[in-house]
file input.cif (mmCIF, N, CA and C atoms)
data_upload
loop_
_atom_site.label_atom_id
_atom_site.label_comp_id
_atom_site.auth_asym_id
_atom_site.auth_seq_id
_atom_site.Cartn_x
_atom_site.Cartn_y
_atom_site.Cartn_z
N MET A 275 -19.70 9.51 23.36
CA MET A 275 -18.33 9.97 23.38
C MET A 275 -17.49 9.19 22.37
N LYS A 276 -17.77 7.89 22.29
CA LYS A 276 -17.02 7.05 21.36
C LYS A 276 -17.31 7.45 19.91
N LEU A 277 -18.56 7.86 19.64
CA LEU A 277 -18.93 8.30 18.30
C LEU A 277 -18.15 9.55 17.90
N LEU A 278 -17.97 10.46 18.85
CA LEU A 278 -17.20 11.67 18.59
C LEU A 278 -15.75 11.35 18.26
N PHE A 279 -15.17 10.43 19.00
CA PHE A 279 -13.80 10.00 18.70
C PHE A 279 -13.70 9.35 17.33
N LYS A 280 -14.69 8.55 16.99
CA LYS A 280 -14.68 7.91 15.66
C LYS A 280 -14.76 8.94 14.55
N MET A 281 -15.59 9.98 14.73
CA MET A 281 -15.68 11.04 13.72
C MET A 281 -14.36 11.79 13.59
N LEU A 282 -13.73 12.08 14.72
CA LEU A 282 -12.45 12.77 14.68
C LEU A 282 -11.36 11.91 14.05
N LEU A 283 -11.36 10.62 14.34
CA LEU A 283 -10.38 9.72 13.72
C LEU A 283 -10.62 9.60 12.22
N THR A 284 -11.88 9.59 11.82
CA THR A 284 -12.18 9.57 10.38
C THR A 284 -11.72 10.85 9.73
N ALA A 285 -11.90 11.98 10.39
CA ALA A 285 -11.45 13.26 9.85
C ALA A 285 -9.92 13.27 9.71
N ILE A 286 -9.24 12.72 10.68
CA ILE A 286 -7.78 12.63 10.60
C ILE A 286 -7.37 11.75 9.43
N ALA A 287 -8.07 10.63 9.25
CA ALA A 287 -7.77 9.74 8.13
C ALA A 287 -8.03 10.44 6.80
N VAL A 288 -9.08 11.25 6.72
CA VAL A 288 -9.37 12.00 5.49
C VAL A 288 -8.24 12.97 5.18
N VAL A 289 -7.75 13.67 6.19
CA VAL A 289 -6.65 14.62 5.98
C VAL A 289 -5.39 13.89 5.54
N ILE A 290 -5.07 12.78 6.18
CA ILE A 290 -3.87 12.02 5.81
C ILE A 290 -3.98 11.50 4.38
N LEU A 291 -5.13 10.95 4.02
CA LEU A 291 -5.30 10.43 2.66
C LEU A 291 -5.30 11.53 1.63
N ALA A 292 -5.78 12.71 1.98
CA ALA A 292 -5.73 13.83 1.04
C ALA A 292 -4.28 14.25 0.79
N GLN A 293 -3.43 14.06 1.78
CA GLN A 293 -2.01 14.37 1.58
C GLN A 293 -1.31 13.29 0.74
N LEU A 294 -1.76 12.05 0.88
CA LEU A 294 -1.12 10.94 0.17
C LEU A 294 -1.58 10.79 -1.27
N LEU A 295 -2.86 10.99 -1.52
CA LEU A 295 -3.41 10.78 -2.86
C LEU A 295 -3.47 12.10 -3.62
N PRO A 296 -2.92 12.14 -4.82
CA PRO A 296 -2.92 13.40 -5.57
C PRO A 296 -4.31 13.79 -6.10
N GLY A 297 -5.24 12.88 -6.18
CA GLY A 297 -6.56 13.17 -6.73
C GLY A 297 -7.61 13.52 -5.69
N VAL A 298 -7.21 13.62 -4.42
CA VAL A 298 -8.14 13.94 -3.35
C VAL A 298 -7.66 15.23 -2.68
N HIS A 299 -8.59 16.18 -2.52
CA HIS A 299 -8.22 17.48 -1.98
C HIS A 299 -9.18 17.86 -0.85
N VAL A 300 -8.62 18.30 0.27
CA VAL A 300 -9.40 18.80 1.40
C VAL A 300 -8.83 20.16 1.76
N ASP A 301 -9.72 21.15 1.92
CA ASP A 301 -9.26 22.52 2.17
C ASP A 301 -8.77 22.75 3.59
N GLY A 302 -9.19 21.97 4.53
CA GLY A 302 -8.75 22.18 5.90
C GLY A 302 -9.33 21.17 6.84
N TYR A 303 -9.04 21.37 8.12
CA TYR A 303 -9.51 20.43 9.13
C TYR A 303 -11.02 20.49 9.32
N LEU A 304 -11.58 21.68 9.23
CA LEU A 304 -13.03 21.80 9.36
C LEU A 304 -13.74 21.07 8.22
N ALA A 305 -13.21 21.20 7.00
CA ALA A 305 -13.78 20.48 5.86
C ALA A 305 -13.66 18.97 6.06
N ALA A 306 -12.55 18.52 6.66
CA ALA A 306 -12.37 17.09 6.91
C ALA A 306 -13.38 16.58 7.93
N ILE A 307 -13.68 17.39 8.95
CA ILE A 307 -14.68 16.99 9.94
C ILE A 307 -16.06 16.92 9.29
N VAL A 308 -16.37 17.89 8.42
CA VAL A 308 -17.65 17.87 7.72
C VAL A 308 -17.73 16.66 6.80
N VAL A 309 -16.63 16.32 6.13
CA VAL A 309 -16.59 15.14 5.27
C VAL A 309 -16.85 13.88 6.10
N ALA A 310 -16.23 13.79 7.27
CA ALA A 310 -16.43 12.62 8.13
C ALA A 310 -17.89 12.49 8.54
N ILE A 311 -18.52 13.61 8.88
CA ILE A 311 -19.93 13.58 9.28
C ILE A 311 -20.82 13.19 8.10
N VAL A 312 -20.57 13.81 6.94
CA VAL A 312 -21.38 13.51 5.75
C VAL A 312 -21.20 12.07 5.31
N LEU A 313 -19.97 11.56 5.34
CA LEU A 313 -19.75 10.16 4.98
C LEU A 313 -20.48 9.23 5.94
N GLY A 314 -20.46 9.55 7.22
CA GLY A 314 -21.19 8.74 8.19
C GLY A 314 -22.68 8.72 7.91
N LEU A 315 -23.24 9.90 7.62
CA LEU A 315 -24.67 9.97 7.32
C LEU A 315 -25.02 9.26 6.01
N LEU A 316 -24.17 9.41 5.00
CA LEU A 316 -24.43 8.73 3.73
C LEU A 316 -24.35 7.22 3.89
N LYS A 317 -23.41 6.76 4.71
CA LYS A 317 -23.29 5.31 4.93
C LYS A 317 -24.48 4.77 5.73
N ILE A 318 -25.09 5.63 6.53
CA ILE A 318 -26.26 5.18 7.30
C ILE A 318 -27.53 5.16 6.44
N PHE A 319 -27.73 6.22 5.63
CA PHE A 319 -29.01 6.38 4.93
C PHE A 319 -28.99 5.96 3.47
N VAL A 320 -27.94 6.27 2.72
CA VAL A 320 -27.92 6.03 1.28
C VAL A 320 -27.37 4.65 0.94
N ARG A 321 -26.32 4.23 1.62
CA ARG A 321 -25.66 2.97 1.28
C ARG A 321 -26.60 1.76 1.36
N PRO A 322 -27.44 1.63 2.41
CA PRO A 322 -28.35 0.47 2.43
C PRO A 322 -29.33 0.46 1.25
N LEU A 323 -29.79 1.62 0.82
CA LEU A 323 -30.68 1.68 -0.34
C LEU A 323 -29.95 1.24 -1.61
N LEU A 324 -28.72 1.71 -1.77
CA LEU A 324 -27.95 1.32 -2.95
C LEU A 324 -27.67 -0.18 -2.95
N ILE A 325 -27.37 -0.72 -1.79
CA ILE A 325 -27.11 -2.16 -1.70
C ILE A 325 -28.38 -2.94 -2.03
N PHE A 326 -29.52 -2.48 -1.53
CA PHE A 326 -30.78 -3.16 -1.81
C PHE A 326 -31.10 -3.16 -3.30
N PHE A 327 -30.95 -2.00 -3.96
CA PHE A 327 -31.32 -1.90 -5.37
C PHE A 327 -30.30 -2.56 -6.30
N THR A 328 -29.08 -2.76 -5.83
CA THR A 328 -28.07 -3.40 -6.66
C THR A 328 -27.74 -4.81 -6.16
N LEU A 329 -28.65 -5.39 -5.40
CA LEU A 329 -28.40 -6.71 -4.82
C LEU A 329 -28.10 -7.79 -5.86
N PRO A 330 -28.81 -7.85 -7.00
CA PRO A 330 -28.47 -8.90 -7.97
C PRO A 330 -27.04 -8.79 -8.51
N ILE A 331 -26.60 -7.58 -8.84
CA ILE A 331 -25.24 -7.44 -9.37
C ILE A 331 -24.21 -7.66 -8.26
N THR A 332 -24.56 -7.31 -7.02
CA THR A 332 -23.66 -7.54 -5.90
C THR A 332 -23.48 -9.04 -5.68
N ILE A 333 -24.56 -9.79 -5.80
CA ILE A 333 -24.46 -11.24 -5.64
C ILE A 333 -23.68 -11.86 -6.80
N MET A 334 -23.93 -11.37 -8.02
CA MET A 334 -23.22 -11.92 -9.18
C MET A 334 -21.72 -11.65 -9.11
N THR A 335 -21.32 -10.53 -8.52
CA THR A 335 -19.89 -10.21 -8.43
C THR A 335 -19.29 -10.65 -7.10
N LEU A 336 -20.05 -11.45 -6.35
CA LEU A 336 -19.61 -11.98 -5.06
C LEU A 336 -19.22 -10.88 -4.08
N GLY A 337 -19.95 -9.78 -4.13
CA GLY A 337 -19.74 -8.69 -3.19
C GLY A 337 -18.77 -7.62 -3.63
N LEU A 338 -18.10 -7.82 -4.76
CA LEU A 338 -17.12 -6.83 -5.22
C LEU A 338 -17.77 -5.52 -5.66
N PHE A 339 -19.05 -5.57 -6.00
CA PHE A 339 -19.74 -4.35 -6.41
C PHE A 339 -19.90 -3.38 -5.24
N LEU A 340 -19.73 -3.87 -4.01
CA LEU A 340 -19.79 -3.00 -2.85
C LEU A 340 -18.68 -1.95 -2.89
N PHE A 341 -17.55 -2.29 -3.52
CA PHE A 341 -16.48 -1.30 -3.68
C PHE A 341 -16.94 -0.15 -4.57
N VAL A 342 -17.71 -0.47 -5.60
CA VAL A 342 -18.25 0.56 -6.49
C VAL A 342 -19.25 1.44 -5.72
N ILE A 343 -20.06 0.83 -4.88
CA ILE A 343 -21.02 1.59 -4.07
C ILE A 343 -20.28 2.53 -3.13
N ASN A 344 -19.20 2.04 -2.52
CA ASN A 344 -18.41 2.90 -1.63
C ASN A 344 -17.79 4.07 -2.40
N ALA A 345 -17.31 3.82 -3.60
CA ALA A 345 -16.75 4.90 -4.42
C ALA A 345 -17.83 5.90 -4.79
N PHE A 346 -19.03 5.42 -5.07
CA PHE A 346 -20.14 6.32 -5.37
C PHE A 346 -20.48 7.19 -4.16
N ILE A 347 -20.42 6.63 -2.96
CA ILE A 347 -20.67 7.38 -1.74
C ILE A 347 -19.62 8.49 -1.58
N ILE A 348 -18.37 8.19 -1.89
CA ILE A 348 -17.30 9.20 -1.83
C ILE A 348 -17.57 10.30 -2.85
N LEU A 349 -17.96 9.93 -4.05
CA LEU A 349 -18.26 10.94 -5.08
C LEU A 349 -19.48 11.79 -4.69
N LEU A 350 -20.44 11.18 -4.04
CA LEU A 350 -21.60 11.93 -3.57
C LEU A 350 -21.20 12.92 -2.47
N ALA A 351 -20.31 12.50 -1.58
CA ALA A 351 -19.81 13.41 -0.55
C ALA A 351 -19.02 14.55 -1.19
N ASP A 352 -18.33 14.26 -2.29
CA ASP A 352 -17.60 15.29 -3.03
C ASP A 352 -18.56 16.37 -3.53
N LYS A 353 -19.72 15.96 -4.00
CA LYS A 353 -20.70 16.92 -4.51
C LYS A 353 -21.38 17.70 -3.39
N LEU A 354 -21.52 17.09 -2.22
CA LEU A 354 -22.25 17.71 -1.12
C LEU A 354 -21.40 18.64 -0.26
N VAL A 355 -20.12 18.37 -0.16
CA VAL A 355 -19.26 19.12 0.76
C VAL A 355 -18.33 20.04 -0.03
N GLY A 356 -18.46 21.32 0.22
CA GLY A 356 -17.51 22.26 -0.36
C GLY A 356 -16.19 22.16 0.37
N GLY A 357 -15.10 22.24 -0.33
CA GLY A 357 -13.79 22.09 0.30
C GLY A 357 -13.27 20.68 0.25
N PHE A 358 -14.02 19.78 -0.36
CA PHE A 358 -13.60 18.39 -0.53
C PHE A 358 -13.79 18.04 -2.00
N ALA A 359 -12.73 17.56 -2.63
CA ALA A 359 -12.82 17.25 -4.06
C ALA A 359 -12.08 15.94 -4.35
N VAL A 360 -12.70 15.15 -5.20
CA VAL A 360 -12.10 13.91 -5.69
C VAL A 360 -12.10 14.00 -7.20
N ASP A 361 -10.96 13.73 -7.82
CA ASP A 361 -10.79 13.96 -9.25
C ASP A 361 -11.49 12.96 -10.16
N GLY A 362 -11.87 11.82 -9.67
CA GLY A 362 -12.55 10.85 -10.54
C GLY A 362 -12.91 9.59 -9.80
N PHE A 363 -13.51 8.67 -10.55
CA PHE A 363 -13.99 7.43 -9.96
C PHE A 363 -12.86 6.60 -9.38
N TRP A 364 -11.73 6.49 -10.08
CA TRP A 364 -10.64 5.63 -9.61
C TRP A 364 -10.01 6.16 -8.34
N TYR A 365 -9.90 7.49 -8.24
CA TYR A 365 -9.41 8.07 -6.99
C TYR A 365 -10.41 7.86 -5.87
N ALA A 366 -11.70 7.93 -6.18
CA ALA A 366 -12.73 7.68 -5.17
C ALA A 366 -12.67 6.23 -4.70
N LEU A 367 -12.44 5.31 -5.62
CA LEU A 367 -12.34 3.89 -5.27
C LEU A 367 -11.12 3.65 -4.38
N LEU A 368 -9.98 4.20 -4.76
CA LEU A 368 -8.77 4.04 -3.97
C LEU A 368 -8.91 4.72 -2.61
N PHE A 369 -9.52 5.91 -2.61
CA PHE A 369 -9.76 6.63 -1.35
C PHE A 369 -10.66 5.82 -0.42
N SER A 370 -11.71 5.22 -0.95
CA SER A 370 -12.62 4.45 -0.10
C SER A 370 -11.94 3.20 0.46
N LEU A 371 -11.10 2.55 -0.35
CA LEU A 371 -10.37 1.38 0.14
C LEU A 371 -9.40 1.76 1.25
N LEU A 372 -8.63 2.82 1.02
CA LEU A 372 -7.65 3.24 2.02
C LEU A 372 -8.32 3.81 3.26
N LEU A 373 -9.45 4.51 3.09
CA LEU A 373 -10.17 5.05 4.24
C LEU A 373 -10.71 3.91 5.10
N SER A 374 -11.21 2.87 4.49
CA SER A 374 -11.69 1.72 5.26
C SER A 374 -10.55 1.07 6.03
N PHE A 375 -9.40 0.97 5.40
CA PHE A 375 -8.23 0.39 6.07
C PHE A 375 -7.80 1.26 7.25
N PHE A 376 -7.68 2.58 7.01
CA PHE A 376 -7.28 3.50 8.07
C PHE A 376 -8.29 3.49 9.22
N GLN A 377 -9.58 3.45 8.89
CA GLN A 377 -10.60 3.43 9.93
C GLN A 377 -10.50 2.17 10.77
N SER A 378 -10.27 1.04 10.15
CA SER A 378 -10.19 -0.20 10.92
C SER A 378 -8.97 -0.18 11.84
N VAL A 379 -7.87 0.39 11.37
CA VAL A 379 -6.68 0.48 12.22
C VAL A 379 -6.91 1.47 13.36
N LEU A 380 -7.46 2.65 13.04
CA LEU A 380 -7.66 3.66 14.06
C LEU A 380 -8.76 3.27 15.05
N TYR A 381 -9.82 2.63 14.56
CA TYR A 381 -10.90 2.22 15.46
C TYR A 381 -10.44 1.11 16.40
N SER A 382 -9.47 0.32 15.97
CA SER A 382 -8.96 -0.73 16.87
C SER A 382 -8.28 -0.12 18.09
N LEU A 383 -7.83 1.12 17.97
CA LEU A 383 -7.25 1.81 19.11
C LEU A 383 -8.31 2.13 20.17
N LEU A 384 -9.55 2.30 19.73
CA LEU A 384 -10.65 2.61 20.65
C LEU A 384 -11.27 1.38 21.29
N LYS A 385 -10.91 0.22 20.79
CA LYS A 385 -11.53 -1.01 21.27
C LYS A 385 -11.22 -1.22 22.74
N GLU A 386 -12.25 -1.46 23.50
CA GLU A 386 -12.08 -1.70 24.93
C GLU A 386 -11.89 -3.20 25.17
N GLU A 387 -11.02 -3.50 26.10
CA GLU A 387 -10.82 -4.89 26.45
C GLU A 387 -11.99 -5.37 27.31
N LYS A 388 -12.48 -6.55 27.02
CA LYS A 388 -13.57 -7.12 27.81
C LYS A 388 -13.02 -7.77 29.05
N ARG A 389 -13.70 -7.51 30.17
CA ARG A 389 -13.28 -8.11 31.42
C ARG A 389 -13.90 -9.48 31.58
N LYS A 390 -13.16 -10.38 32.18
CA LYS A 390 -13.65 -11.74 32.36
C LYS A 390 -14.41 -11.86 33.64
#

call {"tool": "encode", "arguments": {"input": "input.cif", "output": "C-alpha cells"}}
result
Amino acid sequence: MKLLFKMLLTAIAVVILAQLLPGVHVDGYLAAIVVAIVLGLLKIFVRPLLIFFTLPITIMTLGLFLFVINAFIILLADKLVGGFAVDGFWYALLFSLLLSFFQSVLYSLLKEEKRK
C-alpha cells in the first residue's frame, strides 16, 4: 500500500514539475503515473548498472557524476514513455534534482512514527 502511495506522490510531483519547468512536458495524469512507474523501474534495474560501470568517474568526481546518471535516467524515461518529453540534458538534470527534492518532502509525509 505504501508503494502505491509513493508512486502516486511521484506522479503528482511529475505533474507539478511539468507545470513549473518550461522544458518538461506531460500530457496528462495517466502519463504522469506511467512516468512514475517507469522511473521507479529504471532506478531499480538500470541505475545500479550505470553506477557500477561509471564507478571510477563517480569516485573521481566525489559522487557528483550521480547527477548525470539521474539525468540520463530521466532522458531514458523520455524515450520510453509517450506523453512525456524533456527538451534536453539540462532540463533533465534540473528535473531530476527537483524531483528528488519533491519526493523527499512528500515521502516524509508517509513516514510512520516509531513507537517506544

call {"tool": "residues_around", "arguments": {"input": "input.cif", "residues": "region 345-359 of chain A", "least_positions_apart": "3", "cutoff": "6 Å", "atoms": "all atoms listed in the file", "output": "ChimeraX atom specification"}}
result
/A:297-301,305,340-342,366-367,370

call {"tool": "atom_distance", "arguments": {"input": "input.cif", "atom1": "atom C of Ala285 (chain A)", "atom2": "atom C of Ala306 (chain A)"}}
result
5.1 Å

call {"tool": "residues_around", "arguments": {"input": "input.cif", "residues": "Phe375 (chain A)", "least_positions_apart": "5", "cutoff": "12 Å", "atoms": "only C-alpha atoms", "output": "PyMOL selection string"}}
result
chain A and resi 284+287-288+291+368-370+380-382

call {"tool": "select_by_dssp", "arguments": {"input": "input.cif", "residues": "chain A", "states": "strand (DSSP E)", "output": "number ranges by chain"}}
result
A: 298-300, 358-360

call {"tool": "select_by_dssp", "arguments": {"input": "input.cif", "residues": "chain A", "states": "alpha helix (DSSP H)", "output": "ChimeraX atom specification"}}
result
/A:276-294,303-327,329-334,339-354,363-384

call {"tool": "residues_around", "arguments": {"input": "input.cif", "residues": "region 315-329 of chain A", "least_positions_apart": "4", "cutoff": "7 Å", "atoms": "only N, CA and C atoms", "output": "PDB file with N, CA and C atoms, in the frame of the given file"}}
result
ATOM      1  N   ALA A 310     -16.230  13.790   7.270  1.00  0.00           N
ATOM      2  CA  ALA A 310     -16.430  12.620   8.130  1.00  0.00           C
ATOM      3  C   ALA A 310     -17.890  12.490   8.540  1.00  0.00           C
ATOM      4  N   ILE A 311     -18.520  13.610   8.880  1.00  0.00           N
ATOM      5  CA  ILE A 311     -19.930  13.580   9.280  1.00  0.00           C
ATOM      6  C   ILE A 311     -20.820  13.190   8.100  1.00  0.00           C
ATOM      7  N   ILE A 333     -24.560  -9.790  -5.800  1.00  0.00           N
ATOM      8  CA  ILE A 333     -24.460 -11.240  -5.640  1.00  0.00           C
ATOM      9  C   ILE A 333     -23.680 -11.860  -6.800  1.00  0.00           C
ATOM     10  N   MET A 334     -23.930 -11.370  -8.020  1.00  0.00           N
ATOM     11  CA  MET A 334     -23.220 -11.920  -9.180  1.00  0.00           C
ATOM     12  C   MET A 334     -21.720 -11.650  -9.110  1.00  0.00           C
ATOM     13  N   ILE A 343     -20.060   0.830  -4.880  1.00  0.00           N
ATOM     14  CA  ILE A 343     -21.020   1.590  -4.070  1.00  0.00           C
ATOM     15  C   ILE A 343     -20.280   2.530  -3.130  1.00  0.00           C
ATOM     16  N   ILE A 347     -20.420   6.630  -2.960  1.00  0.00           N
ATOM     17  CA  ILE A 347     -20.670   7.380  -1.740  1.00  0.00           C
ATOM     18  C   ILE A 347     -19.620   8.490  -1.580  1.00  0.00           C
TER      19      ILE A 347
END

call {"tool": "closest_residue", "arguments": {"input": "input.cif", "among": "A:Ile290, A:Leu384, A:Leu338, A:Tyr303", "to": "Met275 (chain A)", "atoms": "only C-alpha atoms"}}
result
A:Leu384

call {"tool": "decode", "arguments": {"input": "input.cif", "residues": "region 292-364 of chain A", "atoms": "C-alpha atoms", "output": "PDB file, in the first residue's frame"}}
result
ATOM      1  CA  ALA A 292       5.996  19.805 -15.625  1.00  0.00           C
ATOM      2  CA  GLN A 293       3.987  22.919 -14.811  1.00  0.00           C
ATOM      3  CA  LEU A 294       6.993  24.698 -13.288  1.00  0.00           C
ATOM      4  CA  LEU A 295       9.708  23.816 -15.804  1.00  0.00           C
ATOM      5  CA  PRO A 296       9.241  25.017 -19.388  1.00  0.00           C
ATOM      6  CA  GLY A 297      11.367  22.186 -20.821  1.00  0.00           C
ATOM      7  CA  VAL A 298       9.357  19.322 -19.308  1.00  0.00           C
ATOM      8  CA  HIS A 299       6.012  18.284 -20.764  1.00  0.00           C
ATOM      9  CA  VAL A 300       3.466  15.728 -19.526  1.00  0.00           C
ATOM     10  CA  ASP A 301       0.259  15.098 -21.475  1.00  0.00           C
ATOM     11  CA  GLY A 302      -1.886  14.144 -18.510  1.00  0.00           C
ATOM     12  CA  TYR A 303      -2.248  12.389 -15.217  1.00  0.00           C
ATOM     13  CA  LEU A 304      -2.154   8.925 -16.740  1.00  0.00           C
ATOM     14  CA  ALA A 305       1.136   9.774 -18.470  1.00  0.00           C
ATOM     15  CA  ALA A 306       2.483  11.056 -15.134  1.00  0.00           C
ATOM     16  CA  ILE A 307       1.575   7.769 -13.432  1.00  0.00           C
ATOM     17  CA  VAL A 308       3.289   5.825 -16.225  1.00  0.00           C
ATOM     18  CA  VAL A 309       6.355   8.082 -15.870  1.00  0.00           C
ATOM     19  CA  ALA A 310       6.436   7.405 -12.115  1.00  0.00           C
ATOM     20  CA  ILE A 311       6.281   3.646 -12.714  1.00  0.00           C
ATOM     21  CA  VAL A 312       8.925   3.723 -15.460  1.00  0.00           C
ATOM     22  CA  LEU A 313      11.245   5.912 -13.379  1.00  0.00           C
ATOM     23  CA  GLY A 314      10.883   3.506 -10.467  1.00  0.00           C
ATOM     24  CA  LEU A 315      11.723   0.529 -12.667  1.00  0.00           C
ATOM     25  CA  LEU A 316      14.664   2.311 -14.301  1.00  0.00           C
ATOM     26  CA  LYS A 317      16.034   3.279 -10.890  1.00  0.00           C
ATOM     27  CA  ILE A 318      15.770  -0.341  -9.775  1.00  0.00           C
ATOM     28  CA  PHE A 319      17.259  -2.054 -12.842  1.00  0.00           C
ATOM     29  CA  VAL A 320      19.301   0.410 -14.938  1.00  0.00           C
ATOM     30  CA  ARG A 321      20.727   2.838 -12.377  1.00  0.00           C
ATOM     31  CA  PRO A 322      22.804   0.230 -10.459  1.00  0.00           C
ATOM     32  CA  LEU A 323      24.380  -0.941 -13.722  1.00  0.00           C
ATOM     33  CA  LEU A 324      25.233   2.612 -14.731  1.00  0.00           C
ATOM     34  CA  ILE A 325      26.722   3.302 -11.312  1.00  0.00           C
ATOM     35  CA  PHE A 326      28.799   0.123 -11.498  1.00  0.00           C
ATOM     36  CA  PHE A 327      30.176   0.879 -14.974  1.00  0.00           C
ATOM     37  CA  THR A 328      30.898   4.528 -14.172  1.00  0.00           C
ATOM     38  CA  LEU A 329      32.322   3.895 -10.710  1.00  0.00           C
ATOM     39  CA  PRO A 330      35.798   5.333 -11.455  1.00  0.00           C
ATOM     40  CA  ILE A 331      34.437   8.656 -12.729  1.00  0.00           C
ATOM     41  CA  THR A 332      31.907   8.749  -9.886  1.00  0.00           C
ATOM     42  CA  ILE A 333      34.717   8.353  -7.368  1.00  0.00           C
ATOM     43  CA  MET A 334      36.869  10.959  -9.138  1.00  0.00           C
ATOM     44  CA  THR A 335      34.020  13.493  -9.049  1.00  0.00           C
ATOM     45  CA  LEU A 336      33.215  12.635  -5.416  1.00  0.00           C
ATOM     46  CA  GLY A 337      29.758  11.383  -6.358  1.00  0.00           C
ATOM     47  CA  LEU A 338      28.691  14.351  -8.479  1.00  0.00           C
ATOM     48  CA  PHE A 339      28.513  12.134 -11.563  1.00  0.00           C
ATOM     49  CA  LEU A 340      25.444  10.528  -9.988  1.00  0.00           C
ATOM     50  CA  PHE A 341      23.543  13.669 -11.013  1.00  0.00           C
ATOM     51  CA  VAL A 342      24.473  12.932 -14.626  1.00  0.00           C
ATOM     52  CA  ILE A 343      23.273   9.339 -14.218  1.00  0.00           C
ATOM     53  CA  ASN A 344      19.957  10.603 -12.824  1.00  0.00           C
ATOM     54  CA  ALA A 345      19.576  12.973 -15.784  1.00  0.00           C
ATOM     55  CA  PHE A 346      20.294  10.084 -18.144  1.00  0.00           C
ATOM     56  CA  ILE A 347      17.564   8.048 -16.418  1.00  0.00           C
ATOM     57  CA  ILE A 348      15.117  10.936 -16.991  1.00  0.00           C
ATOM     58  CA  LEU A 349      16.110  11.132 -20.667  1.00  0.00           C
ATOM     59  CA  LEU A 350      15.666   7.378 -20.991  1.00  0.00           C
ATOM     60  CA  ALA A 351      12.177   7.649 -19.490  1.00  0.00           C
ATOM     61  CA  ASP A 352      11.510  10.410 -22.032  1.00  0.00           C
ATOM     62  CA  LYS A 353      12.288   7.971 -24.847  1.00  0.00           C
ATOM     63  CA  LEU A 354      10.255   5.128 -23.327  1.00  0.00           C
ATOM     64  CA  VAL A 355       7.069   6.953 -22.311  1.00  0.00           C
ATOM     65  CA  GLY A 356       4.840   8.606 -24.859  1.00  0.00           C
ATOM     66  CA  GLY A 357       3.267  11.756 -23.474  1.00  0.00           C
ATOM     67  CA  PHE A 358       6.378  12.709 -21.513  1.00  0.00           C
ATOM     68  CA  ALA A 359       9.020  14.941 -23.053  1.00  0.00           C
ATOM     69  CA  VAL A 360      12.157  16.631 -21.784  1.00  0.00           C
ATOM     70  CA  ASP A 361      13.774  19.224 -24.042  1.00  0.00           C
ATOM     71  CA  GLY A 362      17.401  18.500 -23.220  1.00  0.00           C
ATOM     72  CA  PHE A 363      20.054  17.363 -20.810  1.00  0.00           C
ATOM     73  CA  TRP A 364      19.980  20.496 -18.625  1.00  0.00           C
TER      74      TRP A 364
END
